[in-house]
$ cat input_14.txt   # compact mmCIF, C-alpha atoms
# COMPACT_ATOMS: atom_id res chain seq x y z
CA MET A 29 76.32 98.67 106.34
CA ILE A 30 79.53 97.99 108.22
CA THR A 31 79.95 94.74 106.30
CA ALA A 32 79.56 96.58 102.99
CA VAL A 33 82.25 99.06 104.00
CA VAL A 34 84.60 96.26 105.07
CA LEU A 35 84.09 94.38 101.80
CA ALA A 36 84.51 97.54 99.73
CA GLY A 37 87.72 98.38 101.57
CA TYR A 38 88.97 94.86 101.00
CA ALA A 39 88.22 95.16 97.27
CA ILE A 40 90.08 98.48 97.08
CA LEU A 41 93.06 96.98 98.90
CA VAL A 42 93.18 94.03 96.53
CA GLY A 43 92.51 96.03 93.37
CA ALA A 44 94.72 99.07 94.00
CA ALA A 45 97.36 98.44 96.68
CA ALA A 46 98.21 94.72 96.60
CA PRO A 47 99.27 94.68 92.90
CA TYR A 48 102.12 97.11 93.50
CA ALA A 49 103.38 95.08 96.46
CA LEU A 50 103.19 91.79 94.56
CA SER A 51 104.89 93.20 91.45
CA ARG A 52 107.90 94.09 93.62
CA ALA A 53 108.09 90.72 95.39
CA ARG A 54 111.47 89.10 94.69
CA TRP A 55 110.26 85.58 95.39
CA ALA A 56 107.89 85.68 92.38
CA HIS A 57 110.75 85.53 89.86
CA ARG A 58 112.29 82.62 91.75
CA ALA A 59 109.01 80.69 91.79
CA PRO A 60 107.05 81.95 88.76
CA ILE A 61 104.33 79.29 88.98
CA VAL A 62 103.51 80.35 92.52
CA GLY A 63 103.61 83.97 91.36
CA VAL A 64 101.01 83.27 88.68
CA LEU A 65 98.79 81.61 91.30
CA ALA A 66 99.10 84.70 93.53
CA TRP A 67 97.99 87.03 90.73
CA LEU A 68 95.05 84.78 89.85
CA GLY A 69 94.08 84.72 93.52
CA LEU A 70 93.98 88.52 93.61
CA MET A 71 91.81 88.63 90.49
CA VAL A 72 89.26 86.20 91.92
CA THR A 73 89.32 87.99 95.27
CA PHE A 74 88.56 91.36 93.66
CA VAL A 75 85.55 90.00 91.80
CA VAL A 76 84.14 88.17 94.84
CA SER A 77 84.64 91.02 97.31
CA THR A 78 83.28 93.69 94.93
CA ALA A 79 80.18 91.64 94.09
CA LEU A 80 79.44 90.95 97.75
CA ALA A 81 80.01 94.60 98.69
CA LEU A 82 77.44 95.68 96.10
CA TYR A 83 75.06 92.98 97.31
CA HIS A 84 75.17 94.41 100.84
CA LEU A 85 74.65 97.93 99.50
CA VAL A 86 71.74 97.44 97.12
CA LEU A 87 69.54 94.82 98.79
CA THR A 88 67.07 95.61 101.51
CA GLU A 89 68.36 95.61 105.05
CA GLU A 90 66.22 92.60 106.02
CA HIS A 91 67.81 90.27 103.48
CA VAL A 92 71.31 91.63 104.08
CA HIS A 93 71.01 90.82 107.77
CA ASP A 94 70.35 87.21 106.80
CA GLY A 95 73.84 87.01 105.27
CA ILE A 96 74.40 84.37 102.63
CA VAL A 97 71.00 82.83 103.40
CA GLY A 98 69.37 86.06 102.35
CA LEU A 99 71.36 86.06 99.11
CA LEU A 100 70.30 82.49 98.32
CA SER A 101 66.72 83.33 99.21
CA VAL A 102 66.62 86.26 96.79
CA CYS A 103 68.12 84.04 94.10
CA GLY A 104 65.45 81.40 94.77
CA LEU A 105 68.05 78.88 95.91
CA ALA A 106 66.94 78.70 99.54
CA THR A 107 63.56 77.34 100.68
CA GLY A 108 61.49 78.85 103.43
CA ASP A 109 61.59 82.33 104.87
CA PRO A 110 64.95 83.76 105.89
CA ALA A 111 65.67 84.41 109.53
CA GLY A 112 64.57 88.04 109.21
CA GLY A 113 61.07 86.88 108.24
CA SER A 114 60.80 89.03 105.11
CA THR A 115 59.85 87.74 101.70
CA PRO A 116 62.08 88.62 98.72
CA THR A 117 60.51 91.16 96.43
CA LEU A 118 60.91 91.91 92.75
CA GLY A 119 62.95 94.98 93.70
CA ASP A 120 65.31 92.78 95.71
CA ALA A 121 65.80 90.49 92.73
CA ALA A 122 66.45 93.49 90.49
CA GLY A 123 69.02 94.69 93.00
CA LEU A 124 71.06 91.58 92.25
CA LEU A 125 71.79 92.96 88.80
CA ALA A 126 74.66 95.11 90.08
CA PRO A 127 76.61 92.34 91.90
CA ALA A 128 75.76 89.91 89.10
CA ALA A 129 77.23 92.33 86.55
CA ILE A 130 80.57 92.32 88.41
CA VAL A 131 80.71 88.55 87.97
CA LEU A 132 79.27 88.33 84.46
CA LEU A 133 81.34 91.18 82.99
CA PRO A 134 84.70 89.33 83.11
CA VAL A 135 82.94 86.11 82.09
CA GLY A 136 81.50 87.82 79.04
CA TRP A 137 84.87 89.28 78.10
CA LEU A 138 86.43 85.86 78.62
CA VAL A 139 84.09 84.31 76.06
CA ARG A 140 84.63 87.15 73.58
CA THR A 141 88.42 87.17 74.00
CA ALA A 142 88.62 83.38 73.63
CA TRP A 143 86.55 83.54 70.43
CA ARG A 144 88.64 86.36 68.93
CA THR A 145 91.88 84.60 69.86
CA ARG A 146 90.72 81.35 68.30
CA ARG A 147 89.67 83.16 65.12
CA ALA A 148 93.04 84.95 64.83
CA ARG A 149 94.85 81.67 65.41
CA ARG A 150 92.89 79.95 62.66
CA ARG A 151 93.70 82.74 60.20
CA HIS A 152 97.39 82.44 61.02
CA LEU A 153 97.31 78.66 60.63
CA ASP A 154 95.67 79.05 57.23
CA LEU A 155 98.42 81.48 56.25
CA LEU A 156 101.11 79.04 57.37
CA THR A 157 99.74 76.37 55.07
CA LEU A 158 100.47 78.74 52.18
CA VAL A 159 103.85 80.24 53.15
CA GLY A 160 105.28 77.76 55.66
CA THR A 161 107.57 74.80 55.04
CA PRO A 162 107.48 71.83 57.43
CA ALA A 163 110.73 71.05 59.24
CA PRO A 164 110.19 67.60 60.80
CA GLU A 165 113.71 67.50 62.27
CA TYR A 166 112.72 70.39 64.56
CA GLY A 167 108.99 69.72 64.83
CA ALA A 168 108.34 73.20 63.49
CA THR A 169 107.30 75.20 60.45
CA VAL A 170 109.82 77.42 58.68
CA VAL A 171 108.76 80.79 57.27
CA GLU A 172 110.92 82.73 54.82
CA HIS A 173 111.42 85.92 56.80
CA GLY A 174 114.66 87.71 57.57
CA VAL A 175 113.90 88.77 61.17
CA PRO A 176 115.01 86.10 63.68
CA ALA A 177 111.88 84.89 65.45
CA VAL A 178 110.57 81.75 67.10
CA TYR A 179 106.99 81.52 68.32
CA CYS A 180 104.18 79.06 68.87
CA LEU A 181 100.47 78.92 68.16
CA PRO A 182 98.96 76.95 71.08
CA GLY A 183 95.66 75.11 71.00
CA ARG A 184 94.42 71.91 69.39
CA SER A 185 96.24 72.55 66.10
CA CYS A 186 99.38 73.77 67.84
CA ARG A 187 102.31 74.85 65.71
CA ILE A 188 105.83 76.14 66.36
CA VAL A 189 107.10 78.63 63.79
CA VAL A 190 110.75 79.46 63.02
CA THR A 191 111.79 82.17 60.60
CA ARG A 192 114.65 81.78 58.14
CA GLY A 193 116.41 84.60 59.95
CA ALA A 194 116.42 82.53 63.16
CA LEU A 195 117.86 79.52 61.36
CA ASP A 196 120.64 81.70 60.00
CA VAL A 197 121.78 83.15 63.35
CA LEU A 198 121.07 80.32 65.80
CA SER A 199 123.22 77.25 66.23
CA ASP A 200 121.50 73.89 66.37
CA GLU A 201 121.70 73.75 70.16
CA GLN A 202 120.45 77.31 70.55
CA LEU A 203 117.53 76.61 68.25
CA ARG A 204 116.59 73.50 70.20
CA ALA A 205 116.71 75.52 73.44
CA VAL A 206 114.15 78.07 72.22
CA LEU A 207 112.06 75.28 70.70
CA GLU A 208 111.91 73.68 74.15
CA HIS A 209 110.79 77.05 75.50
CA GLU A 210 107.90 77.11 73.04
CA ARG A 211 106.95 73.48 73.76
CA SER A 212 106.58 74.47 77.40
CA HIS A 213 104.01 77.11 76.44
CA ILE A 214 102.05 74.53 74.46
CA ALA A 215 102.23 71.77 77.08
CA GLY A 216 101.32 74.12 79.93
CA ARG A 217 98.41 75.71 77.99
CA HIS A 218 99.77 79.13 78.89
CA ASP A 219 97.53 80.61 76.22
CA VAL A 220 94.51 79.98 78.46
CA LEU A 221 96.00 82.18 81.18
CA HIS A 222 96.73 84.87 78.60
CA VAL A 223 93.07 84.87 77.59
CA VAL A 224 91.98 85.08 81.24
CA THR A 225 94.21 88.06 82.03
CA GLU A 226 93.25 89.83 78.79
CA ALA A 227 89.55 89.39 79.61
CA PHE A 228 90.05 90.68 83.16
CA ALA A 229 91.94 93.72 81.87
CA ARG A 230 89.15 94.54 79.42
CA ALA A 231 86.44 94.02 82.03
CA PHE A 232 88.08 96.43 84.49
CA PRO A 233 90.06 98.99 82.45
CA GLY A 234 92.05 101.41 84.55
CA LEU A 235 92.18 99.09 87.55
CA PRO A 236 95.81 98.72 88.74
CA LEU A 237 95.27 95.01 89.39
CA ALA A 238 94.08 94.44 85.82
CA ARG A 239 97.05 96.23 84.27
CA GLN A 240 99.67 94.74 86.57
CA ALA A 241 98.26 91.21 86.40
CA LYS A 242 98.36 91.19 82.61
CA GLU A 243 101.98 92.40 82.49
CA GLN A 244 103.27 90.25 85.34
CA ILE A 245 101.55 87.01 84.38
CA THR A 246 102.88 87.37 80.82
CA LEU A 247 106.40 87.80 82.18
CA LEU A 248 106.06 84.97 84.72
CA LEU A 249 104.80 82.53 82.08
CA GLU A 250 107.87 83.29 79.97
CA MET A 251 110.01 82.52 83.03
CA VAL A 252 108.19 79.22 83.50
CA ALA A 253 109.05 78.33 79.89
CA ASP A 254 112.66 79.45 80.43
CA ASP A 255 112.95 77.12 83.43
CA ARG A 256 111.69 74.24 81.33
CA ALA A 257 114.30 74.92 78.65
CA LEU A 258 117.05 75.14 81.29
CA ARG A 259 116.33 71.55 82.30
CA PHE A 260 117.78 70.36 79.01
CA HIS A 261 120.12 73.13 77.86
CA PRO A 262 122.92 75.23 79.46
CA ARG A 263 122.20 78.75 80.62
CA GLU A 264 124.64 80.32 78.17
CA VAL A 265 123.00 78.56 75.21
CA LEU A 266 119.50 79.73 76.11
CA ALA A 267 120.69 83.25 76.95
CA THR A 268 122.46 83.63 73.60
CA ALA A 269 119.41 82.38 71.74
CA MET A 270 117.19 84.81 73.67
CA CYS A 271 119.44 87.70 72.65
CA GLU A 272 119.15 86.77 68.99
CA VAL A 273 115.33 86.72 69.00
CA ALA A 274 114.76 89.42 71.64
CA ASP A 275 113.55 92.06 69.17
CA ALA A 276 111.01 89.79 67.48
CA ARG A 277 107.33 90.32 68.16
CA ALA A 278 104.97 87.34 68.12
CA PRO A 279 101.87 87.69 65.93
CA GLN A 280 98.42 88.01 67.48
CA ALA A 281 97.29 84.86 69.35
CA ALA A 282 100.87 83.54 69.35
CA MET A 283 103.52 83.32 72.08
CA GLY A 284 107.16 84.06 71.29
CA ALA A 285 110.55 83.63 72.93
CA GLY A 286 111.35 87.33 72.56
CA GLY A 287 109.40 90.49 73.19
CA PRO A 288 108.87 92.62 76.33
CA GLY A 289 110.68 91.52 79.47
CA SER A 290 113.58 89.94 77.60
CA LEU A 291 116.22 91.85 79.59
CA ILE A 292 114.70 90.79 82.92
CA ARG A 293 114.51 87.19 81.77
CA LEU A 294 118.04 87.30 80.38
CA HIS A 295 119.44 88.46 83.72
CA ARG A 296 117.44 85.76 85.49
CA VAL A 297 118.67 83.02 83.15
CA LEU A 298 122.31 84.01 83.59
CA THR A 299 122.02 84.40 87.38
CA PRO A 300 121.52 81.11 89.25
CA HIS A 301 118.80 81.41 91.85
CA ASP A 302 117.41 79.20 94.57
CA ARG A 303 113.74 78.51 94.99
CA PRO A 304 112.07 80.38 97.84
CA HIS A 305 112.02 78.69 101.21
CA ARG A 306 109.29 76.10 101.53
CA ALA A 307 107.52 78.18 104.18
CA THR A 308 107.45 81.15 101.78
CA TRP A 309 105.76 79.45 98.86
CA LEU A 310 103.45 77.46 101.14
CA GLY A 311 102.38 80.74 102.73
CA VAL A 312 101.80 82.34 99.34
CA VAL A 313 99.76 79.39 98.09
CA THR A 314 97.68 79.37 101.28
CA ALA A 315 97.09 83.11 101.08
CA SER A 316 96.14 82.90 97.39
CA VAL A 317 93.51 80.27 98.15
CA ALA A 318 92.26 81.92 101.35
CA ALA A 319 92.01 85.49 100.02
CA PRO A 320 88.87 84.85 97.89
CA LEU A 321 87.26 82.97 100.80
CA LEU A 322 87.52 85.80 103.32
CA PRO A 323 84.73 87.89 101.73
CA LEU A 324 82.52 84.79 101.69
CA LEU A 325 83.15 84.21 105.39
CA VAL A 326 82.18 87.81 106.10
CA ALA A 327 78.99 87.42 104.07
CA CYS A 328 78.02 84.00 105.44
CA GLY A 329 77.06 85.14 108.89
CA PRO A 330 74.48 87.74 109.95
CA THR A 331 75.83 91.23 109.25
CA VAL A 332 76.05 94.18 111.60
$ encode --input "input_14.txt" --output "structure tokens"
Amino acid sequence: MITAVVLAGYAILVGAAAPYALSRARWAHRAPIVGVLAWLGLMVTFVVSTALALYHLVLTEEHVHDGIVGLLSVCGLATGDPAGGSTPTLGDAAGLLAPAAIVLLPVGWLVRTAWRTRRARRRHLDLLTLVGTPAPEYGATVVEHGVPAVYCLPGRSCRIVVTRGALDVLSDEQLRAVLEHERSHIAGRHDVLHVVTEAFARAFPGLPLARQAKEQITLLLEMVADDRALRFHPREVLATAMCEVADARAPQAAMGAGGPGSLIRLHRVLTPHDRPHRATWLGVVTASVAAPLLPLLVACGPTV
């Protein structure tokens, strides 16, 4: 019972308190890739700790006292009798439904979200074949629309879209800067992380971690793309281009250079920043990997 309380407290800490602390961490904007890893680590940790807490609550005391061996025995993955000497019953197997649901719920939403995103992307690609004009010199498709916008449709049939309004207000160098931003999204498969965070948010609505992770990972991925563009273009060029397309909203299943968080990104682009100290990001990476393992270590040994 004590183990269940510890695991439940750990899940509450990760799901309700840690997100607010991480969202205020200054180092995350200086090392956005590490920041994304930290948020993903919290998401995995919440699922693991919550599932194990429910396992210790719903299964019979004999199997719980056998730790992870008891869990494997109930699942039929361990041979022989557990140390407690009891044989798993049908009720014990049924008790696994609750912890299994915590794991399968985000997985189910992941499959559904990926399917809906892929379907929306296909519809948009079909529309582009009708209204878009190829622009080989930019590696993009031009759409006759007055609002300045630049966005990409990631995936196998990836496409970068530029509106006529963007061509009218952006210089050639500014346009190439935002195009590099979009190529970073495509090359890094940032759309996959968007699907993961969307699925987690739908699986656990109302959870602070779900809401914060979705917002922060979206912002951090835009910063990753900004950093890629800054490798090839001056800060002022990218910042000016961002201002021109800041009000544009990317269609469903697409990723755009503007949208929410533009002011934060603009300040970051115009303000040179150093990467966090090596000890800082090494500590964050280690903690992100270790956090999901702690509940497993608690569950591996005999409980008290």
$ residues_around --input "input_14.txt" --residues "region 56-65 of chain A" --least-positions-apart "4" --cutoff "10 Å" --atoms "only C-alpha atoms" --output "PyMOL selection string"
chain A and resi 50-52+69-71+221+241+244-253+255+292-293+296+300-304+309-310+312-313+316-317
$ closest_residue --input "input_14.txt" --among "A:Gln280, A:Thr299, A:Thr31, A:Thr308" --to "Arg151 (chain A)" --atoms "only C-alpha atoms"
A:Gln280
$ residues_around --input "input_14.txt" --residues "region 194-198 of chain A" --least-positions-apart "6" --cutoff "9 Å" --atoms "only C-alpha atoms" --output "PDB file with C-alpha atoms, in the coordinates of the input"
ATOM      1  CA  VAL A 170     109.820  77.420  58.680  1.00  0.00           C
ATOM      2  CA  HIS A 173     111.420  85.920  56.800  1.00  0.00           C
ATOM      3  CA  GLY A 174     114.660  87.710  57.570  1.00  0.00           C
ATOM      4  CA  VAL A 175     113.900  88.770  61.170  1.00  0.00           C
ATOM      5  CA  PRO A 176     115.010  86.100  63.680  1.00  0.00           C
ATOM      6  CA  ALA A 177     111.880  84.890  65.450  1.00  0.00           C
ATOM      7  CA  VAL A 178     110.570  81.750  67.100  1.00  0.00           C
ATOM      8  CA  THR A 268     122.460  83.630  73.600  1.00  0.00           C
ATOM      9  CA  ALA A 269     119.410  82.380  71.740  1.00  0.00           C
ATOM     10  CA  GLU A 272     119.150  86.770  68.990  1.00  0.00           C
ATOM     11  CA  VAL A 273     115.330  86.720  69.000  1.00  0.00           C
TER      12      VAL A 273
END
$ residues_near_point --input "input_14.txt" --point "(79.3, 90.8, 84.1)" --cutoff "12 Å" --atoms "all atoms listed in the file" --output "VMD selection string"
chain A and resid 75 78 to 79 124 to 139 227 to 228 230 to 232
$ closest_residue --input "input_14.txt" --among "A:Ala39, A:Leu235, A:Leu291, A:Ala32" --to "Val76 (chain A)" --atoms "all atoms listed in the file"
A:Ala39
$ atom_distance --input "input_14.txt" --atom1 "CA of Cys186 (chain A)" --atom2 "CA of Val72 (chain A)"
28.9 Å
$ closest_residue --input "input_14.txt" --among "A:Leu322, A:Leu237, A:Val34, A:Ala276" --to "Tyr48 (chain A)" --atoms "all atoms listed in the file"
A:Leu237
$ axis_aligned_box --input "input_14.txt" --around "region 313-321 of chain A" --padding-each-side "3 Å" --output "lines of an AutoDock Vina configuration file"
center_x = 93.5
center_y = 82.4
center_z = 99.4
size_x = 18.5
size_y = 12.1
size_z = 10.0
$ closest_residue --input "input_14.txt" --among "A:Thr191, A:Ser185, A:Thr73, A:Gln202" --to "His152 (chain A)" --atoms "all atoms listed in the file"
A:Ser185
$ closest_residue --input "input_14.txt" --among "A:Met270, A:Ala285, A:Ala238, A:Ala142" --to "His209 (chain A)" --atoms "all atoms listed in the file"
A:Ala285
$ atom_distance --input "input_14.txt" --atom1 "CA of Leu325 (chain A)" --atom2 "CA of His84 (chain A)"
13.7 Å
$ atom_distance --input "input_14.txt" --atom1 "CA of His213 (chain A)" --atom2 "CA of Pro320 (chain A)"
27.4 Å
$ residues_around --input "input_14.txt" --residues "region 217-219 of chain A" --least-positions-apart "2" --cutoff "8 Å" --atoms "all atoms listed in the file" --output "JSON, numbers by chain"
{"A": [182, 183, 213, 214, 215, 221, 222, 223, 249, 283]}
$ closest_residue --input "input_14.txt" --among "A:Leu321, A:Val189, A:Ile40, A:Ala229" --to "Arg211 (chain A)" --atoms "only C-alpha atoms"
A:Val189
$ decode --input "input_14.txt" --residues "region 176-202 of chain A" --atoms "N, CA and C atoms" --output "PDB file, in the first residue's frame"
ATOM      1  N   PRO A 176      -0.204  37.230 -46.127  1.00  0.00           N
ATOM      2  CA  PRO A 176       1.156  36.664 -46.148  1.00  0.00           C
ATOM      3  C   PRO A 176       1.254  35.437 -45.251  1.00  0.00           C
ATOM      4  N   ALA A 177       1.598  34.317 -45.826  1.00  0.00           N
ATOM      5  CA  ALA A 177       1.711  33.075 -45.058  1.00  0.00           C
ATOM      6  C   ALA A 177       2.696  32.138 -45.729  1.00  0.00           C
ATOM      7  N   VAL A 178       3.441  31.428 -44.894  1.00  0.00           N
ATOM      8  CA  VAL A 178       4.347  30.380 -45.366  1.00  0.00           C
ATOM      9  C   VAL A 178       4.184  29.208 -44.416  1.00  0.00           C
ATOM     10  N   TYR A 179       3.870  28.028 -44.948  1.00  0.00           N
ATOM     11  CA  TYR A 179       3.707  26.863 -44.103  1.00  0.00           C
ATOM     12  C   TYR A 179       4.109  25.614 -44.867  1.00  0.00           C
ATOM     13  N   CYS A 180       4.207  24.509 -44.127  1.00  0.00           N
ATOM     14  CA  CYS A 180       4.609  23.256 -44.756  1.00  0.00           C
ATOM     15  C   CYS A 180       3.646  22.148 -44.380  1.00  0.00           C
ATOM     16  N   LEU A 181       3.527  21.180 -45.251  1.00  0.00           N
ATOM     17  CA  LEU A 181       2.779  19.960 -45.006  1.00  0.00           C
ATOM     18  C   LEU A 181       3.798  18.828 -44.925  1.00  0.00           C
ATOM     19  N   PRO A 182       4.178  18.393 -43.718  1.00  0.00           N
ATOM     20  CA  PRO A 182       5.195  17.344 -43.590  1.00  0.00           C
ATOM     21  C   PRO A 182       4.654  15.994 -44.029  1.00  0.00           C
ATOM     22  N   GLY A 183       5.506  14.988 -43.962  1.00  0.00           N
ATOM     23  CA  GLY A 183       5.105  13.645 -44.342  1.00  0.00           C
ATOM     24  C   GLY A 183       5.814  13.188 -45.593  1.00  0.00           C
ATOM     25  N   ARG A 184       5.345  12.051 -46.140  1.00  0.00           N
ATOM     26  CA  ARG A 184       5.977  11.503 -47.344  1.00  0.00           C
ATOM     27  C   ARG A 184       5.844  12.448 -48.534  1.00  0.00           C
ATOM     28  N   SER A 185       4.650  12.963 -48.746  1.00  0.00           N
ATOM     29  CA  SER A 185       4.431  13.916 -49.845  1.00  0.00           C
ATOM     30  C   SER A 185       4.524  15.335 -49.297  1.00  0.00           C
ATOM     31  N   CYS A 186       5.679  15.668 -48.736  1.00  0.00           N
ATOM     32  CA  CYS A 186       5.839  16.970 -48.089  1.00  0.00           C
ATOM     33  C   CYS A 186       5.745  18.104 -49.118  1.00  0.00           C
ATOM     34  N   ARG A 187       5.268  19.229 -48.652  1.00  0.00           N
ATOM     35  CA  ARG A 187       5.090  20.382 -49.524  1.00  0.00           C
ATOM     36  C   ARG A 187       5.233  21.662 -48.705  1.00  0.00           C
ATOM     37  N   ILE A 188       5.917  22.648 -49.254  1.00  0.00           N
ATOM     38  CA  ILE A 188       5.986  23.976 -48.647  1.00  0.00           C
ATOM     39  C   ILE A 188       5.107  24.900 -49.472  1.00  0.00           C
ATOM     40  N   VAL A 189       4.264  25.664 -48.786  1.00  0.00           N
ATOM     41  CA  VAL A 189       3.288  26.524 -49.452  1.00  0.00           C
ATOM     42  C   VAL A 189       3.579  27.973 -49.118  1.00  0.00           C
ATOM     43  N   VAL A 190       3.559  28.828 -50.160  1.00  0.00           N
ATOM     44  CA  VAL A 190       3.777  30.272 -50.006  1.00  0.00           C
ATOM     45  C   VAL A 190       2.602  30.984 -50.656  1.00  0.00           C
ATOM     46  N   THR A 191       2.009  31.912 -49.950  1.00  0.00           N
ATOM     47  CA  THR A 191       0.904  32.670 -50.540  1.00  0.00           C
ATOM     48  C   THR A 191       1.444  33.834 -51.368  1.00  0.00           C
ATOM     49  N   ARG A 192       0.607  34.332 -52.263  1.00  0.00           N
ATOM     50  CA  ARG A 192       0.988  35.490 -53.081  1.00  0.00           C
ATOM     51  C   ARG A 192       1.239  36.707 -52.196  1.00  0.00           C
ATOM     52  N   GLY A 193       0.497  36.814 -51.109  1.00  0.00           N
ATOM     53  CA  GLY A 193       0.718  37.917 -50.191  1.00  0.00           C
ATOM     54  C   GLY A 193       2.114  37.895 -49.596  1.00  0.00           C
ATOM     55  N   ALA A 194       2.643  36.700 -49.297  1.00  0.00           N
ATOM     56  CA  ALA A 194       4.002  36.597 -48.762  1.00  0.00           C
ATOM     57  C   ALA A 194       5.035  36.996 -49.813  1.00  0.00           C
ATOM     58  N   LEU A 195       4.816  36.602 -51.043  1.00  0.00           N
ATOM     59  CA  LEU A 195       5.752  36.981 -52.115  1.00  0.00           C
ATOM     60  C   LEU A 195       5.773  38.492 -52.319  1.00  0.00           C
ATOM     61  N   ASP A 196       4.650  39.137 -52.068  1.00  0.00           N
ATOM     62  CA  ASP A 196       4.578  40.577 -52.277  1.00  0.00           C
ATOM     63  C   ASP A 196       5.305  41.369 -51.190  1.00  0.00           C
ATOM     64  N   VAL A 197       5.327  40.863 -49.958  1.00  0.00           N
ATOM     65  CA  VAL A 197       5.885  41.651 -48.851  1.00  0.00           C
ATOM     66  C   VAL A 197       7.285  41.204 -48.436  1.00  0.00           C
ATOM     67  N   LEU A 198       7.692  39.998 -48.805  1.00  0.00           N
ATOM     68  CA  LEU A 198       8.995  39.495 -48.392  1.00  0.00           C
ATOM     69  C   LEU A 198      10.028  39.689 -49.494  1.00  0.00           C
ATOM     70  N   SER A 199      11.224  40.088 -49.078  1.00  0.00           N
ATOM     71  CA  SER A 199      12.328  40.140 -50.033  1.00  0.00           C
ATOM     72  C   SER A 199      12.785  38.709 -50.317  1.00  0.00           C
ATOM     73  N   ASP A 200      13.642  38.555 -51.295  1.00  0.00           N
ATOM     74  CA  ASP A 200      14.101  37.222 -51.658  1.00  0.00           C
ATOM     75  C   ASP A 200      14.831  36.558 -50.490  1.00  0.00           C
ATOM     76  N   GLU A 201      15.666  37.324 -49.790  1.00  0.00           N
ATOM     77  CA  GLU A 201      16.412  36.750 -48.676  1.00  0.00           C
ATOM     78  C   GLU A 201      15.485  36.413 -47.502  1.00  0.00           C
ATOM     79  N   GLN A 202      14.513  37.270 -47.268  1.00  0.00           N
ATOM     80  CA  GLN A 202      13.561  36.984 -46.190  1.00  0.00           C
ATOM     81  C   GLN A 202      12.737  35.734 -46.501  1.00  0.00           C
TER      82      GLN A 202
END
